[in-house]
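**Student:** Contents of query-v1.pdb (PDB, C-alpha atoms):
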```pdb
ATOM      1  CA  GLU X   1       0.000   0.000   0.000
ATOM      2  CA  ALA X   2       1.485   3.343  -1.023
ATOM      3  CA  GLY X   3      -0.130   5.340   1.724
ATOM      4  CA  VAL X   4      -1.416   8.860   1.242
ATOM      5  CA  THR X   5       0.251  10.548  -1.703
ATOM      6  CA  GLN X   6       0.501  14.233  -2.496
ATOM      7  CA  PHE X   7       1.510  16.073  -5.632
ATOM      8  CA  PRO X   8       3.603  18.080  -6.186
ATOM      9  CA  SER X   9       6.153  17.718  -3.434
ATOM     10  CA  HIS X  10       7.295  21.299  -3.956
ATOM     11  CA  SER X  11       5.758  24.265  -5.734
ATOM     12  CA  VAL X  12       7.255  27.715  -6.196
ATOM     13  CA  ILE X  13       4.954  30.355  -7.641
ATOM     14  CA  GLU X  14       4.690  34.104  -7.777
ATOM     15  CA  LYS X  15       2.187  36.137  -5.858
ATOM     16  CA  GLY X  16      -1.064  36.339  -7.784
ATOM     17  CA  GLN X  17      -0.662  33.012  -9.539
ATOM     18  CA  THR X  18      -2.828  29.954  -9.075
ATOM     19  CA  VAL X  19      -1.670  26.640  -7.647
ATOM     20  CA  THR X  20      -3.515  23.344  -7.321
ATOM     21  CA  LEU X  21      -2.389  20.712  -4.852
ATOM     22  CA  ARG X  22      -3.535  17.126  -5.134
ATOM     23  CA  CYS X  23      -4.022  14.436  -2.511
ATOM     24  CA  ASP X  24      -4.722  10.749  -3.072
ATOM     25  CA  PRO X  25      -5.918   9.086   0.136
ATOM     26  CA  ILE X  26      -5.449   5.477   1.089
ATOM     27  CA  SER X  27      -7.853   3.340  -0.915
ATOM     28  CA  GLY X  28     -11.101   2.801   0.966
ATOM     29  CA  HIS X  29     -10.658   5.766   3.290
ATOM     30  CA  ASP X  30     -13.801   7.872   3.187
ATOM     31  CA  ASN X  31     -12.371  10.617   5.388
ATOM     32  CA  LEU X  32      -9.897  13.082   3.968
ATOM     33  CA  TYR X  33      -8.376  16.051   5.785
ATOM     34  CA  TRP X  34      -6.247  19.010   4.759
ATOM     35  CA  TYR X  35      -3.864  20.724   7.174
ATOM     36  CA  ARG X  36      -1.106  23.262   6.725
ATOM     37  CA  ARG X  37       1.909  24.459   8.636
ATOM     38  CA  VAL X  38       3.161  27.960   8.025
ATOM     39  CA  MET X  39       6.695  28.833   9.060
ATOM     40  CA  GLY X  40       7.255  28.646  12.801
ATOM     41  CA  LYS X  41       3.654  27.891  13.625
ATOM     42  CA  GLU X  42       1.613  24.828  14.459
ATOM     43  CA  ILE X  43       0.008  22.481  11.974
ATOM     44  CA  LYS X  44      -3.511  23.808  11.489
ATOM     45  CA  PHE X  45      -6.636  22.068  10.278
ATOM     46  CA  LEU X  46      -8.169  23.370   7.069
ATOM     47  CA  LEU X  47     -11.050  21.062   6.206
ATOM     48  CA  HIS X  48     -12.504  17.571   6.316
ATOM     49  CA  PHE X  49     -14.280  15.575   3.620
ATOM     50  CA  VAL X  50     -16.446  12.531   4.146
ATOM     51  CA  LYS X  51     -16.520  10.970   0.714
ATOM     52  CA  GLU X  52     -17.285  13.895  -1.589
ATOM     53  CA  SER X  53     -19.021  16.054   1.033
ATOM     54  CA  LYS X  54     -17.352  18.806   3.022
ATOM     55  CA  GLN X  55     -17.955  17.885   6.642
ATOM     56  CA  ASP X  56     -16.076  20.751   8.237
ATOM     57  CA  GLU X  57     -14.369  23.633   6.481
ATOM     58  CA  SER X  58     -13.970  25.830   9.526
ATOM     59  CA  GLY X  59     -10.209  26.088   9.079
ATOM     60  CA  MET X  60     -10.181  27.444   5.538
ATOM     61  CA  PRO X  61      -8.471  30.836   5.815
ATOM     62  CA  ASN X  62     -10.439  32.739   3.172
ATOM     63  CA  ASN X  63     -12.231  32.401  -0.142
ATOM     64  CA  ARG X  64      -8.986  32.218  -2.103
ATOM     65  CA  PHE X  65      -8.853  28.573  -1.059
ATOM     66  CA  LEU X  66     -11.089  26.015  -2.747
ATOM     67  CA  ALA X  67     -11.082  22.318  -1.970
ATOM     68  CA  GLU X  68     -12.853  19.644  -3.954
ATOM     69  CA  ARG X  69     -13.213  15.900  -3.828
ATOM     70  CA  THR X  70     -15.223  14.913  -6.850
ATOM     71  CA  GLY X  71     -16.290  11.296  -6.781
ATOM     72  CA  GLY X  72     -15.051  10.886  -3.249
ATOM     73  CA  THR X  73     -11.585   9.719  -4.269
ATOM     74  CA  TYR X  74      -8.717  12.177  -4.646
ATOM     75  CA  SER X  75      -8.933  15.764  -3.500
ATOM     76  CA  THR X  76      -7.567  19.034  -4.816
ATOM     77  CA  LEU X  77      -6.840  22.248  -2.971
ATOM     78  CA  LYS X  78      -6.624  25.307  -5.171
ATOM     79  CA  VAL X  79      -5.228  28.646  -4.078
ATOM     80  CA  GLN X  80      -6.237  31.515  -6.330
ATOM     81  CA  PRO X  81      -4.694  34.050  -6.291
ATOM     82  CA  ALA X  82      -1.801  33.033  -4.074
ATOM     83  CA  GLU X  83      -0.436  35.486  -1.503
ATOM     84  CA  LEU X  84       2.910  35.533   0.303
ATOM     85  CA  GLU X  85       1.334  34.367   3.570
ATOM     86  CA  ASP X  86       0.091  31.178   1.891
ATOM     87  CA  SER X  87       3.629  29.784   1.905
ATOM     88  CA  GLY X  88       3.977  26.693   4.029
ATOM     89  CA  VAL X  89       3.629  22.932   3.979
ATOM     90  CA  TYR X  90       0.211  21.547   3.109
ATOM     91  CA  PHE X  91      -0.546  18.110   4.517
ATOM     92  CA  CYS X  92      -3.294  15.746   3.559
ATOM     93  CA  ALA X  93      -4.451  12.910   5.778
ATOM     94  CA  SER X  94      -7.010  10.164   5.459
ATOM     95  CA  SER X  95      -8.774   7.783   7.813
ATOM     96  CA  GLN X  96     -11.185   4.916   7.489
ATOM     97  CA  GLY X  97     -13.610   6.123  10.133
ATOM     98  CA  THR X  98     -13.718   9.482  11.819
ATOM     99  CA  SER X  99     -12.506   8.091  15.119
ATOM    100  CA  ASN X 100      -9.666   6.139  13.556
ATOM    101  CA  GLU X 101      -6.042   7.122  13.196
ATOM    102  CA  GLN X 102      -5.344   9.688  10.492
ATOM    103  CA  PHE X 103      -2.574   8.716   8.081
ATOM    104  CA  PHE X 104      -0.607  11.634   6.714
ATOM    105  CA  GLY X 105       0.876  12.264   3.328
ATOM    106  CA  PRO X 106       4.404  13.633   2.853
ATOM    107  CA  GLY X 107       3.129  17.179   2.357
ATOM    108  CA  THR X 108       3.473  19.761  -0.398
ATOM    109  CA  ARG X 109       5.836  22.633   0.285
ATOM    110  CA  LEU X 110       4.396  25.783  -1.267
ATOM    111  CA  THR X 111       6.535  28.866  -1.679
ATOM    112  CA  VAL X 112       4.919  32.080  -2.870
ATOM    113  CA  LEU X 113       7.410  34.733  -4.004
TER     114      LEU X 113
ATOM    115  CA  ALA I 114     -10.645  27.843  22.773
ATOM    116  CA  GLN I 115      -8.893  24.516  22.515
ATOM    117  CA  ARG I 116      -5.142  24.732  22.469
ATOM    118  CA  VAL I 117      -2.042  22.549  22.703
ATOM    119  CA  THR I 118       1.186  23.925  24.104
ATOM    120  CA  GLN I 119       4.604  22.385  23.644
ATOM    121  CA  PRO I 120       6.921  24.756  25.502
ATOM    122  CA  GLU I 121      10.219  23.459  24.143
ATOM    123  CA  LYS I 122      11.149  24.041  20.507
ATOM    124  CA  LEU I 123      14.334  22.031  20.876
ATOM    125  CA  LEU I 124      15.373  19.420  23.399
ATOM    126  CA  SER I 125      18.849  17.937  23.354
ATOM    127  CA  VAL I 126      19.761  14.916  25.462
ATOM    128  CA  PHE I 127      22.609  12.440  25.497
ATOM    129  CA  LYS I 128      22.111   8.851  24.398
ATOM    130  CA  GLY I 129      20.976   6.754  27.329
ATOM    131  CA  ALA I 130      19.561   9.702  29.251
ATOM    132  CA  PRO I 131      15.877   9.977  30.124
ATOM    133  CA  VAL I 132      13.766  12.217  27.971
ATOM    134  CA  GLU I 133      10.501  14.022  28.627
ATOM    135  CA  LEU I 134       8.709  16.093  26.015
ATOM    136  CA  LYS I 135       6.110  18.320  27.543
ATOM    137  CA  CYS I 136       2.576  18.816  26.288
ATOM    138  CA  ASN I 137      -0.208  20.781  27.934
ATOM    139  CA  TYR I 138      -3.663  21.294  26.572
ATOM    140  CA  SER I 139      -6.648  23.480  27.240
ATOM    141  CA  TYR I 140     -10.055  21.925  26.765
ATOM    142  CA  SER I 141     -12.898  21.736  29.220
ATOM    143  CA  GLY I 142     -14.367  18.490  27.926
ATOM    144  CA  SER I 143     -13.056  14.970  27.559
ATOM    145  CA  PRO I 144     -10.079  15.064  25.196
ATOM    146  CA  GLU I 145      -8.330  12.536  23.034
ATOM    147  CA  LEU I 146      -4.580  13.082  23.064
ATOM    148  CA  PHE I 147      -2.010  11.861  20.573
ATOM    149  CA  TRP I 148       1.702  12.041  19.919
ATOM    150  CA  TYR I 149       2.829  12.140  16.298
ATOM    151  CA  VAL I 150       6.460  11.867  15.209
ATOM    152  CA  GLN I 151       8.194  12.991  12.034
ATOM    153  CA  TYR I 152      11.613  11.481  11.372
ATOM    154  CA  SER I 153      13.949  13.164   8.924
ATOM    155  CA  ARG I 154      12.557  13.001   5.360
ATOM    156  CA  GLN I 155       9.604  10.907   6.465
ATOM    157  CA  ARG I 156       5.943  11.668   6.930
ATOM    158  CA  LEU I 157       4.091  12.321  10.154
ATOM    159  CA  GLN I 158       3.167   9.067  11.829
ATOM    160  CA  LEU I 159       1.219   8.207  14.928
ATOM    161  CA  LEU I 160       3.376   7.303  17.892
ATOM    162  CA  LEU I 161       0.869   7.054  20.735
ATOM    163  CA  ARG I 162      -2.741   7.719  21.583
ATOM    164  CA  HIS I 163      -3.799   7.966  25.188
ATOM    165  CA  ILE I 164      -6.801   5.674  24.732
ATOM    166  CA  SER I 165      -4.662   2.689  23.840
ATOM    167  CA  ARG I 166      -2.278   3.174  26.769
ATOM    168  CA  GLU I 167       0.448   1.283  24.989
ATOM    169  CA  SER I 168       4.186   1.757  24.823
ATOM    170  CA  ILE I 169       5.705   2.287  21.388
ATOM    171  CA  LYS I 170       9.481   2.265  20.836
ATOM    172  CA  GLY I 171       9.868   2.577  24.596
ATOM    173  CA  PHE I 172       7.828   5.789  24.780
ATOM    174  CA  THR I 173       4.912   6.235  27.151
ATOM    175  CA  ALA I 174       2.548   9.087  27.857
ATOM    176  CA  ASP I 175      -0.027   9.442  30.599
ATOM    177  CA  LEU I 176      -2.985  11.745  30.404
ATOM    178  CA  ASN I 177      -3.176  13.872  33.539
ATOM    179  CA  LYS I 178      -6.530  15.615  33.496
ATOM    180  CA  GLY I 179      -5.805  17.533  36.681
ATOM    181  CA  GLU I 180      -2.712  19.134  35.177
ATOM    182  CA  THR I 181      -4.106  19.000  31.620
ATOM    183  CA  SER I 182      -0.897  17.396  30.471
ATOM    184  CA  PHE I 183       0.167  14.525  28.236
ATOM    185  CA  HIS I 184       3.944  14.450  28.520
ATOM    186  CA  LEU I 185       5.915  11.957  26.440
ATOM    187  CA  LYS I 186       8.604  10.008  28.251
ATOM    188  CA  LYS I 187      11.310   7.507  27.532
ATOM    189  CA  PRO I 188      13.744   6.239  30.174
ATOM    190  CA  PHE I 189      16.752   5.784  27.865
ATOM    191  CA  ALA I 190      16.973   7.874  24.701
ATOM    192  CA  GLN I 191      18.441   6.381  21.522
ATOM    193  CA  GLU I 192      20.020   8.243  18.602
ATOM    194  CA  GLU I 193      17.242   6.997  16.321
ATOM    195  CA  ASP I 194      14.718   8.855  18.488
ATOM    196  CA  SER I 195      15.953  12.142  17.030
ATOM    197  CA  ALA I 196      12.918  13.618  15.269
ATOM    198  CA  MET I 197      10.190  16.223  15.449
ATOM    199  CA  TYR I 198       7.453  15.360  17.933
ATOM    200  CA  TYR I 199       3.953  16.833  17.810
ATOM    201  CA  CYS I 200       1.332  16.603  20.501
ATOM    202  CA  ALA I 201      -2.253  16.719  19.210
ATOM    203  CA  LEU I 202      -5.694  17.059  20.728
ATOM    204  CA  ARG I 203      -8.965  15.865  19.304
ATOM    205  CA  THR I 204     -12.085  17.115  21.026
ATOM    206  CA  SER I 205     -15.210  15.044  21.468
ATOM    207  CA  GLY I 206     -17.544  15.234  18.505
ATOM    208  CA  THR I 207     -14.932  16.574  16.089
ATOM    209  CA  TYR I 208     -12.434  14.787  13.952
ATOM    210  CA  LYS I 209      -9.792  17.385  13.377
ATOM    211  CA  TYR I 210      -6.504  17.453  15.218
ATOM    212  CA  ILE I 211      -5.325  20.519  17.073
ATOM    213  CA  PHE I 212      -1.545  20.378  17.043
ATOM    214  CA  GLY I 213       1.118  21.940  19.180
ATOM    215  CA  THR I 214       4.060  23.686  17.550
ATOM    216  CA  GLY I 215       6.258  20.631  17.942
ATOM    217  CA  THR I 216       9.472  19.828  19.784
ATOM    218  CA  ARG I 217      12.637  18.815  17.962
ATOM    219  CA  LEU I 218      14.418  16.105  19.916
ATOM    220  CA  LYS I 219      18.134  15.658  19.317
ATOM    221  CA  VAL I 220      19.796  12.674  20.899
ATOM    222  CA  LEU I 221      23.534  13.167  21.063
ATOM    223  CA  ALA I 222      26.034  10.321  20.933
TER     224      ALA I 222
END
```
Starting from the coordinates I provided, produce the structure as structure tokens.
**Tutor:**
Amino acid sequence: EAGVTQFPSHSVIEKGQTVTLRCDPISGHDNLYWYRRVMGKEIKFLLHFVKESKQDESGMPNNRFLAERTGGTYSTLKVQPAELEDSGVYFCASSQGTSNEQFFGPGTRLTVL
Amino acid sequence: AQRVTQPEKLLSVFKGAPVELKCNYSYSGSPELFWYVQYSRQRLQLLLRHISRESIKGFTADLNKGETSFHLKKPFAQEEDSAMYYCALRTSGTYKYIFGTGTRLKVLA
């Protein structure tokens, strides 16, 4: 089993550009989570999908961020337009049930110049 | 608001010495506490959860509700324990983790 995969591993873009991050959860995991860690701060929750439905998006910072999970499989997180403060590492995690352990992906390091 | 505090950014100990990584939380309800570890160039992985009360790689952690703490301990540190350690809280009825800022543990030879 490959585990949770994320693409790309690194992305460097200029302020104002658009970036789309992708997460493939472990097969069979209905629950998918996005988190991010900005420099020097804690890992913060962004949102939670159950299958294709957004269960909790209370951590999304603003409307420049859009997450989707069409078909309940992989998920994308789009940032449009990107700002300097969006730089950080974006983690995806998945779990079988909501009370089960969350398995994390390797993260995508986003740098906005 | 719920919060997790890890007061030490960096903790250096010598191999064979005891190690304690501190974690305090603020939450008025019944929490679930976890320790996650990230070794160099690897992904975050679960080390311990307080519900299971097990010992992994020689590490233990006891939930102290009176002191709202969940410190991670190991009696004899090994060089391979060097990593970033994150304490996390999950509140009842939610599924998201609330993480602390992490403590980097360096075990010196």
**Student:** Given the PyMOL selection byres ((chain X) within 6 of (chain I)) and the file above, list the residues it selects as a count of residues only.
**Tutor:** 6
**Student:** Any chance you could work out the residue set of the PyMOL selection byres ((chain X and resi 59-66) around 10) here, as a list of chain:residue names?
**Tutor:**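 In the shown coordinates, the PyMOL selection byres ((chain X and resi 59-66) around 10) covers X:Thr18, X:Val19, X:Thr20, X:Trp34, X:Tyr35, X:Arg36, X:Lys44, X:Phe45, X:Leu46, X:Leu47, X:His48, X:Asp56, X:Glu57, X:Ser58, X:Ala67, X:Glu68, X:Thr76, X:Leu77, X:Lys78, X:Val79, X:Gln80, X:Pro81, X:Ala82, X:Glu83, X:Asp86, I:Lys209.
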**Student:** For the structure shown, which residues end up in the PyMOL selection byres ((chain I and resi 178) around 10)? Put them as a PDB file with C-alpha atoms, in the frame of the given file, please?
**Tutor:**
```pdb
ATOM      1  CA  ASN I 137      -0.208  20.781  27.934  1.00  0.00           C
ATOM      2  CA  TYR I 138      -3.663  21.294  26.572  1.00  0.00           C
ATOM      3  CA  TYR I 140     -10.055  21.925  26.765  1.00  0.00           C
ATOM      4  CA  SER I 141     -12.898  21.736  29.220  1.00  0.00           C
ATOM      5  CA  SER I 143     -13.056  14.970  27.559  1.00  0.00           C
ATOM      6  CA  PRO I 144     -10.079  15.064  25.196  1.00  0.00           C
ATOM      7  CA  ASP I 175      -0.027   9.442  30.599  1.00  0.00           C
ATOM      8  CA  LEU I 176      -2.985  11.745  30.404  1.00  0.00           C
ATOM      9  CA  ASN I 177      -3.176  13.872  33.539  1.00  0.00           C
ATOM     10  CA  GLY I 179      -5.805  17.533  36.681  1.00  0.00           C
ATOM     11  CA  GLU I 180      -2.712  19.134  35.177  1.00  0.00           C
ATOM     12  CA  THR I 181      -4.106  19.000  31.620  1.00  0.00           C
ATOM     13  CA  SER I 182      -0.897  17.396  30.471  1.00  0.00           C
ATOM     14  CA  PHE I 183       0.167  14.525  28.236  1.00  0.00           C
TER      15      PHE I 183
END
```
**Student:** So, counting all atoms listed in the file, which residue among X:Leu21, X:Ala2, X:Val89, X:Leu84 is closest to Val38 in chain X?
**Tutor:** X:Val89
**Student:** So how far away is CA of Pro188 in chain I from CA of Cys200 in chain I, in Å?
**Tutor:**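 It comes out at 18.8 Å.
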**Student:** Starting from the point (2.3, 28.9, -7.2), work out which residues of protein, DNA or RNA have an atom no more than 8 Å away when counting only C-alpha atoms; state them as a list in words.
**Tutor:**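 The requested residues, written out, are Ser11, Val12, Ile13, Glu14, Lys15, Gln17, Thr18, Val19, Ala82, Leu110, Thr111 and Val112 of chain X.
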**Student:** Would you compute, for all listed atoms of range 51-55 of chain X, the axis-aligned bounding box grown by 5 Å on each side, and then report its centre and edge lengths in Å rounded to one decimal, as lines of an AutoDock Vina configuration file?
**Tutor:**
```
center_x = -17.8
center_y = 14.9
center_z = 2.5
size_x = 12.5
size_y = 17.8
size_z = 18.2
```
**Student:** What is the distance between CA of Ile26 in chain X and CA of Leu146 in chain I, in Å to one decimal?
**Tutor:**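 Interatomic distance, CA of Ile26 in chain X to CA of Leu146 in chain I: 23.3 Å.
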**Student:** Let me make sure I understand: among I:Ala190, I:Ala222, I:Ser139, I:Ala130, which one has the smallest atom-to-atom distance to Arg116 in chain I if we use all atoms listed in the file?
**Tutor:**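 Smallest distance to Arg116 in chain I is found for I:Ser139.
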**Student:** Using only C-alpha atoms, can you tell me which of X:Gly72, X:Gly97, X:Gly107, X:Gly88 comes closest to Arg37 in chain X?
**Tutor:** X:Gly88
**Student:** Residues within 10 Å of Thr216 in chain I, please, as a list in words. Count only C-alpha atoms; anything in the same chain fewer than 6 positions from it doesn't count.
**Tutor:**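 Here the answer would be Gln119, Pro120, Glu121, Lys122, Leu123, Leu124, Leu134, Lys135, Cys136, Val150, Ala196, Met197, Tyr198, Tyr199 and Cys200 of chain I.
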**Student:** Between CA of Phe127 in chain I and CA of Phe172 in chain I, what is the distance in Å, rounded to a tenth?
**Tutor:**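 About the pair CA of Phe127 in chain I and CA of Phe172 in chain I: they are 16.2 Å apart.
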**Student:** With all atoms listed in the file as the atoms that count, which of X:Ser99, X:Thr108, X:Ser53, X:Gln6 lies nearest to Asp24 in chain X?
**Tutor:**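 Checking each of X:Ser99, X:Thr108, X:Ser53, X:Gln6 against Asp24 in chain X, counting all atoms listed in the file, the winner is X:Gln6.
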**Student:** Need the shell around Ser75 in chain X: protein/DNA/RNA residues with any atom at most 6 Å away, counting only C-alpha atoms. Skip same-chain ones fewer than 3 positions apart. Format as number ranges by chain?
**Tutor:** X: 22-23, 68-69
**Student:** Could the residues in this selection be saved with C-alpha atoms as a PDB file, in the coordinates of the input?
**Tutor:**
```pdb
ATOM      1  CA  ARG X  22      -3.535  17.126  -5.134  1.00  0.00           C
ATOM      2  CA  CYS X  23      -4.022  14.436  -2.511  1.00  0.00           C
ATOM      3  CA  GLU X  68     -12.853  19.644  -3.954  1.00  0.00           C
ATOM      4  CA  ARG X  69     -13.213  15.900  -3.828  1.00  0.00           C
TER       5      ARG X  69
END
```
**Student:** With all atoms listed in the file as the atoms that count, which of I:Gly171, I:Gly142, I:Glu133, I:Arg166 lies nearest to Thr204 in chain I?
**Tutor:**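 For Thr204 in chain I, the nearest of the candidates is I:Gly142.
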